[in-house]
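Undergrad: Sending over protein-v9.cif (mmCIF, C-alpha atoms).
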data_coords
#
loop_
_atom_site.label_atom_id
_atom_site.label_comp_id
_atom_site.auth_asym_id
_atom_site.auth_seq_id
_atom_site.Cartn_x
_atom_site.Cartn_y
_atom_site.Cartn_z
CA MET A 1 140.84 79.02 128.72
CA GLU A 2 144.32 80.22 129.68
CA LYS A 3 144.65 81.96 133.01
CA CYS A 4 146.40 84.93 131.41
CA PHE A 5 143.38 85.60 129.18
CA SER A 6 142.08 88.98 130.38
CA GLY A 7 138.81 90.82 130.05
CA GLU A 8 140.41 93.19 127.57
CA ASP A 9 141.59 90.26 125.45
CA LEU A 10 138.06 88.84 125.35
CA ARG A 11 136.62 92.25 124.55
CA GLU A 12 138.83 92.54 121.46
CA GLU A 13 137.32 89.27 120.24
CA LEU A 14 133.72 90.15 121.02
CA VAL A 15 133.55 93.83 120.03
CA PRO A 16 133.26 93.19 116.25
CA VAL A 17 130.39 90.72 116.64
CA SER A 18 128.61 92.63 119.42
CA HIS A 19 128.52 95.94 117.51
CA ASN A 20 130.75 97.55 120.15
CA ARG A 21 128.29 96.74 122.95
CA CYS A 22 130.52 94.40 124.94
CA SER A 23 132.40 96.25 127.68
CA THR A 24 135.59 95.15 129.42
CA LYS A 25 133.64 94.84 132.68
CA THR A 26 131.17 92.43 131.06
CA CYS A 27 134.02 90.37 129.66
CA GLU A 28 135.67 90.19 133.06
CA LYS A 29 132.40 88.86 134.52
CA ILE A 30 132.30 86.18 131.80
CA ILE A 31 135.86 85.10 132.58
CA ASP A 32 135.22 85.04 136.32
CA THR A 33 132.12 82.90 135.82
CA ILE A 34 134.10 80.39 133.75
CA ARG A 35 136.96 80.27 136.23
CA ASN A 36 134.55 79.70 139.11
CA ASP A 37 132.75 76.89 137.30
CA LYS A 38 133.22 73.85 139.50
CA VAL A 39 132.08 71.36 136.85
CA LYS A 40 135.36 70.48 135.17
CA GLU A 41 134.75 66.91 134.10
CA ASN A 42 131.53 66.34 132.17
CA GLU A 43 130.56 63.01 130.69
CA HIS A 44 131.90 62.58 127.16
CA GLN A 45 133.77 65.89 127.51
CA GLU A 46 136.29 65.00 124.80
CA SER A 47 133.48 64.42 122.31
CA ARG A 48 131.86 67.70 123.35
CA ASP A 49 135.15 69.51 122.78
CA VAL A 50 135.53 68.02 119.30
CA VAL A 51 132.00 69.11 118.34
CA THR A 52 132.54 72.60 119.77
CA LYS A 53 135.84 73.03 117.93
CA GLY A 54 134.14 71.90 114.72
CA ILE A 55 131.37 74.48 115.13
CA VAL A 56 133.89 77.23 115.85
CA SER A 57 135.90 76.22 112.78
CA ASP A 58 132.77 76.35 110.61
CA LEU A 59 131.84 79.79 111.94
CA GLN A 60 135.33 81.10 111.24
CA HIS A 61 135.13 79.69 107.71
CA TYR A 62 131.73 81.32 107.07
CA GLU A 63 132.94 84.60 108.52
CA LYS A 64 135.85 84.59 106.08
CA GLN A 65 133.48 83.84 103.20
CA LEU A 66 131.21 86.71 104.24
CA GLN A 67 134.19 89.07 104.34
CA GLU A 68 135.12 88.01 100.82
CA VAL A 69 131.56 88.53 99.60
CA ASP A 70 131.41 91.96 101.27
CA ALA A 71 134.65 92.93 99.55
CA GLU A 72 133.26 91.92 96.14
CA LEU A 73 129.99 93.76 96.81
CA GLU A 74 131.96 96.89 97.65
CA LYS A 75 133.86 96.63 94.36
CA LEU A 76 130.59 96.20 92.46
CA TYR A 77 128.98 99.11 94.26
CA HIS A 78 131.81 101.49 93.38
CA PHE A 79 131.89 100.16 89.81
CA LEU A 80 128.22 101.11 89.40
CA GLY A 81 128.96 104.63 90.62
CA CYS A 82 126.05 104.50 93.05
CA THR A 83 125.45 107.24 95.64
CA LEU A 84 122.94 105.53 97.95
CA THR A 85 125.44 105.25 100.82
CA THR A 86 125.29 109.03 101.19
CA ILE A 87 121.90 108.44 102.86
CA PRO A 88 122.41 108.22 106.65
CA GLY A 89 122.02 104.63 107.80
CA VAL A 90 122.62 103.08 104.36
CA ASN A 91 125.77 100.98 104.13
CA ILE A 92 127.06 99.19 101.05
CA THR A 93 125.27 95.94 101.92
CA THR A 94 121.89 97.70 102.21
CA ALA A 95 122.53 99.69 99.04
CA VAL A 96 123.40 96.58 97.05
CA LYS A 97 120.30 94.80 98.38
CA MET A 98 118.14 97.64 97.07
CA LEU A 99 119.94 97.70 93.72
CA ALA A 100 119.54 93.94 93.34
CA GLU A 101 115.76 94.22 93.75
CA ILE A 102 115.27 97.45 91.76
CA GLY A 103 117.51 96.55 88.83
CA ASP A 104 117.63 99.12 86.05
CA ILE A 105 115.94 102.25 87.37
CA ASN A 106 115.00 103.26 83.83
CA ARG A 107 112.39 100.52 83.69
CA PHE A 108 110.30 102.67 86.06
CA SER A 109 108.83 105.77 84.42
CA ASN A 110 108.43 107.54 87.75
CA ALA A 111 108.78 107.11 91.52
CA SER A 112 105.16 106.00 91.85
CA LYS A 113 105.85 103.02 89.60
CA LEU A 114 108.81 102.05 91.77
CA ALA A 115 106.63 102.42 94.88
CA GLN A 116 104.03 100.11 93.36
CA PHE A 117 106.75 97.60 92.51
CA ALA A 118 107.93 97.67 96.12
CA GLY A 119 104.38 97.45 97.46
CA ILE A 120 104.83 100.68 99.40
CA ALA A 121 102.28 102.82 97.57
CA PRO A 122 99.45 103.31 100.12
CA LEU A 123 95.97 102.45 98.89
CA LYS A 124 93.43 105.23 99.41
CA LEU A 125 90.14 103.80 100.64
CA SER A 126 87.01 105.89 101.09
CA SER A 127 83.93 105.20 103.14
CA ALA A 128 81.10 107.61 103.89
CA GLY A 129 83.23 110.52 102.76
CA LYS A 130 86.13 109.59 105.00
CA GLY A 131 89.44 108.49 103.52
CA THR A 132 91.98 106.17 105.04
CA ASP A 133 95.39 104.93 103.94
CA LYS A 134 96.13 101.23 103.80
CA ALA A 135 99.44 99.62 102.80
CA SER A 136 99.42 97.40 99.75
CA LYS A 137 99.89 93.67 100.35
CA GLN A 138 101.41 93.20 96.92
CA GLY A 139 104.82 94.05 95.52
CA ASN A 140 108.42 92.99 96.06
CA ARG A 141 108.48 91.91 99.70
CA ARG A 142 112.28 91.97 99.96
CA LEU A 143 112.48 95.57 98.77
CA GLN A 144 109.48 96.47 100.90
CA ALA A 145 111.15 95.06 104.02
CA THR A 146 114.43 96.84 103.23
CA MET A 147 112.67 100.18 102.80
CA TYR A 148 110.70 99.74 106.03
CA PHE A 149 113.91 98.87 107.90
CA LEU A 150 115.51 101.99 106.41
CA ALA A 151 112.54 104.08 107.55
CA VAL A 152 113.12 102.82 111.09
CA GLN A 153 116.78 103.80 110.76
CA MET A 154 115.78 107.30 109.68
CA ILE A 155 113.90 108.08 112.90
CA GLN A 156 116.45 106.63 115.31
CA VAL A 157 117.86 108.88 118.02
CA SER A 158 121.29 108.34 119.58
CA SER A 159 121.91 108.04 123.31
CA LYS A 160 122.96 111.70 123.19
CA GLY A 161 119.59 112.70 121.77
CA THR A 162 120.83 113.34 118.24
CA ALA A 163 118.47 112.24 115.47
CA ARG A 164 120.02 110.32 112.58
CA ASN A 165 117.78 112.23 110.17
CA PRO A 166 116.25 115.29 111.88
CA ALA A 167 113.74 115.90 109.08
CA PHE A 168 112.24 112.42 109.20
CA ARG A 169 112.33 112.39 112.99
CA ALA A 170 110.47 115.69 113.12
CA TYR A 171 107.90 114.35 110.67
CA TYR A 172 107.47 111.14 112.69
CA ASP A 173 107.10 112.97 116.02
CA GLY A 174 104.63 115.41 114.47
CA ARG A 175 102.40 112.67 113.10
CA ILE A 176 102.53 110.69 116.33
CA ALA A 177 101.52 113.84 118.22
CA GLU A 178 98.50 114.02 115.95
CA GLY A 179 97.51 110.53 117.07
CA LYS A 180 98.66 108.68 113.95
CA ASN A 181 99.65 105.01 114.09
CA GLY A 182 103.45 104.60 114.28
CA GLN A 183 103.58 101.76 111.76
CA LYS A 184 101.54 103.73 109.23
CA VAL A 185 103.81 106.75 109.69
CA LEU A 186 106.81 104.53 108.94
CA ILE A 187 105.09 103.36 105.74
CA CYS A 188 104.68 107.02 104.74
CA ILE A 189 108.39 107.58 105.42
CA SER A 190 109.19 104.50 103.31
CA ARG A 191 107.17 106.05 100.49
CA ARG A 192 109.10 109.29 100.81
CA LEU A 193 112.37 107.34 100.73
CA ILE A 194 111.27 105.72 97.48
CA ASN A 195 110.96 109.19 95.94
CA ILE A 196 114.42 110.12 97.18
CA ILE A 197 116.06 106.89 96.04
CA TYR A 198 114.38 107.06 92.65
CA GLY A 199 115.69 110.58 92.11
CA MET A 200 119.20 109.66 93.24
CA LEU A 201 119.39 106.64 90.94
CA LYS A 202 118.02 108.56 87.97
CA SER A 203 120.31 111.57 88.35
CA GLY A 204 123.32 110.07 90.15
CA THR A 205 123.16 112.79 92.81
CA GLU A 206 124.11 112.43 96.46
CA TYR A 207 121.68 112.68 99.33
CA ARG A 208 121.18 116.14 100.77
CA MET A 209 120.00 116.37 104.34
CA PRO A 210 116.95 118.66 104.44
CA GLU A 211 116.91 121.53 106.92
CA VAL A 212 114.40 121.41 109.73
CA LYS A 213 112.91 124.77 110.53
CA GLU A 214 111.46 125.63 113.89
CA SER A 215 107.79 125.52 112.97
CA ASN A 216 104.76 123.52 114.00
CA THR A 217 103.74 122.97 110.40
CA ASP A 218 107.06 121.75 109.04
CA SER A 219 106.14 118.10 109.49
CA ASP A 220 103.34 118.55 106.97
CA LYS A 221 105.71 119.96 104.34
CA MET A 222 107.88 116.88 103.88
#
Just give me the structure of the file as structure tokens.
TA:
Amino acid sequence: MEKCFSGEDLREELVPVSHNRCSTKTCEKIIDTIRNDKVKENEHQESRDVVTKGIVSDLQHYEKQLQEVDAELEKLYHFLGCTLTTIPGVNITTAVKMLAEIGDINRFSNASKLAQFAGIAPLKLSSAGKGTDKASKQGNRRLQATMYFLAVQMIQVSSKGTARNPAFRAYYDGRIAEGKNGQKVLICISRRLINIIYGMLKSGTEYRMPEVKESNTDSDKM
């Protein structure tokens, strides 16, 4: 590493791959650690360097390929006239992943059919007059995982305390306050997202953020 290589220089390299979590101070610590490393001559160091350069070259090649694929996916997404990226937390990659699994939305007569396809439709089990919800173990696991991940995104809160989706966050907090299991609440949110996505794909409309009213019963109205 060149002596003139600064913490800011390293930060510019690491920010894209660290999702903007690598500070200049952290980079300066990395550089200081390397400069203070007393082990300069390792056995077979030349061979190690060749292998390391080869790995770096491969990673750069794959990164370029991924950028090209992302560019083509973006073209395809806009060609389809899709509106899923208007949902907070849904980027083009996530939207295309959902589209690839769902296919033609018209092959599903209603949102419930799509939920069954994704394996997100909760099964209602009854015992001694008491009902309980249980997630289905069948369905498209890739779509199921994507929807669950999206549900997690919906309830995220920023460091400033701002909810990504206030309506879903309010629903989640309300159910948790009632003593509900967090994972099961996320499955319910996934099911709600299926309804929303089905409607958006059928009508071509954009996502509209629901208003959250100051009421203790709002979480039950979602």
Undergrad: Expand the PyMOL selection byres ((chain A and resi 74-79) around 10) into the individual residues it matches in the shown file, reporting them as an mmCIF file with C-alpha atoms, keeping the file's coordinate frame.
TA:
data_model
loop_
_atom_site.group_PDB
_atom_site.id
_atom_site.type_symbol
_atom_site.label_atom_id
_atom_site.label_comp_id
_atom_site.auth_asym_id
_atom_site.auth_seq_id
_atom_site.Cartn_x
_atom_site.Cartn_y
_atom_site.Cartn_z
ATOM 1 C CA GLU A 68 135.120 88.010 100.820
ATOM 2 C CA VAL A 69 131.560 88.530 99.600
ATOM 3 C CA ASP A 70 131.410 91.960 101.270
ATOM 4 C CA ALA A 71 134.650 92.930 99.550
ATOM 5 C CA GLU A 72 133.260 91.920 96.140
ATOM 6 C CA LEU A 73 129.990 93.760 96.810
ATOM 7 C CA LEU A 80 128.220 101.110 89.400
ATOM 8 C CA GLY A 81 128.960 104.630 90.620
ATOM 9 C CA CYS A 82 126.050 104.500 93.050
ATOM 10 C CA THR A 83 125.450 107.240 95.640
ATOM 11 C CA LEU A 84 122.940 105.530 97.950
ATOM 12 C CA THR A 85 125.440 105.250 100.820
ATOM 13 C CA ASN A 91 125.770 100.980 104.130
ATOM 14 C CA ILE A 92 127.060 99.190 101.050
ATOM 15 C CA THR A 93 125.270 95.940 101.920
ATOM 16 C CA ALA A 95 122.530 99.690 99.040
ATOM 17 C CA VAL A 96 123.400 96.580 97.050
ATOM 18 C CA LEU A 99 119.940 97.700 93.720
#
Undergrad: Please determine, counting all atoms listed in the file, which residue among A:Ser112, A:Ser158, A:Gln153, A:Thr205 has the shortest atom-to-atom distance to Thr86 in chain A.
TA: A:Thr205
Undergrad: Extract, using only C-alpha atoms, all DNA, RNA and protein residues at most 12 Å from Ala151 in chain A, discarding same-chain residues fewer than 5 positions from it, and format them as a VMD selection string.
TA: chain A and resid 87 to 90 120 144 to 146 156 164 to 165 167 to 169 171 to 172 182 to 194
Undergrad: If you keep C-alpha atoms, can you produce a file of those selected residues as a short mmCIF file (atom, residue, chain, number, x, y, z; two decimals), in the coordinates of the input?
TA:
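New file result22.cif:
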data_model
loop_
_atom_site.label_atom_id
_atom_site.label_comp_id
_atom_site.auth_asym_id
_atom_site.auth_seq_id
_atom_site.Cartn_x
_atom_site.Cartn_y
_atom_site.Cartn_z
CA ILE A 87 121.90 108.44 102.86
CA PRO A 88 122.41 108.22 106.65
CA GLY A 89 122.02 104.63 107.80
CA VAL A 90 122.62 103.08 104.36
CA ILE A 120 104.83 100.68 99.40
CA GLN A 144 109.48 96.47 100.90
CA ALA A 145 111.15 95.06 104.02
CA THR A 146 114.43 96.84 103.23
CA GLN A 156 116.45 106.63 115.31
CA ARG A 164 120.02 110.32 112.58
CA ASN A 165 117.78 112.23 110.17
CA ALA A 167 113.74 115.90 109.08
CA PHE A 168 112.24 112.42 109.20
CA ARG A 169 112.33 112.39 112.99
CA TYR A 171 107.90 114.35 110.67
CA TYR A 172 107.47 111.14 112.69
CA GLY A 182 103.45 104.60 114.28
CA GLN A 183 103.58 101.76 111.76
CA LYS A 184 101.54 103.73 109.23
CA VAL A 185 103.81 106.75 109.69
CA LEU A 186 106.81 104.53 108.94
CA ILE A 187 105.09 103.36 105.74
CA CYS A 188 104.68 107.02 104.74
CA ILE A 189 108.39 107.58 105.42
CA SER A 190 109.19 104.50 103.31
CA ARG A 191 107.17 106.05 100.49
CA ARG A 192 109.10 109.29 100.81
CA LEU A 193 112.37 107.34 100.73
CA ILE A 194 111.27 105.72 97.48
#
Undergrad: Quick one, how far is CA of Lys29 in chain A from CA of Arg11 in chain A?
TA: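 The value is 11.3 Å.
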Undergrad: Between CA of Leu143 in chain A and CA of Ile196 in chain A, what is the spacing in Å?
TA: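 Between CA of Ile196 in chain A and CA of Leu143 in chain A the gap is 14.8 Å.
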Undergrad: So, with only C-alpha atoms as the atoms that count, which of A:Tyr198, A:Ser159, A:Ser23, A:Val51 lies closest to Ile102 in chain A?
TA: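 Of A:Tyr198, A:Ser159, A:Ser23, A:Val51, the one nearest Ile102 in chain A, counting only C-alpha atoms, is A:Tyr198.
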Undergrad: Tell me, in Å to one decimal, how far CA of Leu201 in chain A is from CA of Ala111 in chain A.
TA: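 CA of Ala111 in chain A lies at a distance of 10.6 Å from CA of Leu201 in chain A.
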Undergrad: Selected by the PyMOL selection byres ((chain A and resi 141) around 12) in the shown coordinates: which residues, as a list in words?
TA: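 When the PyMOL selection byres ((chain A and resi 141) around 12) is applied, the selected residues are Met98, Glu101, Ile102, Ala115, Gln116, Phe117, Ala118, Gly119, Ile120, Ser136, Lys137, Gln138, Gly139, Asn140, Arg142, Leu143, Gln144, Ala145, Thr146, Met147 and Tyr148 of chain A.
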Undergrad: Under the rule that only C-alpha atoms are counted, which of A:Ile105, A:Thr162, A:Glu63, A:Leu150 is the nearest residue to Met200 in chain A?
TA: A:Ile105
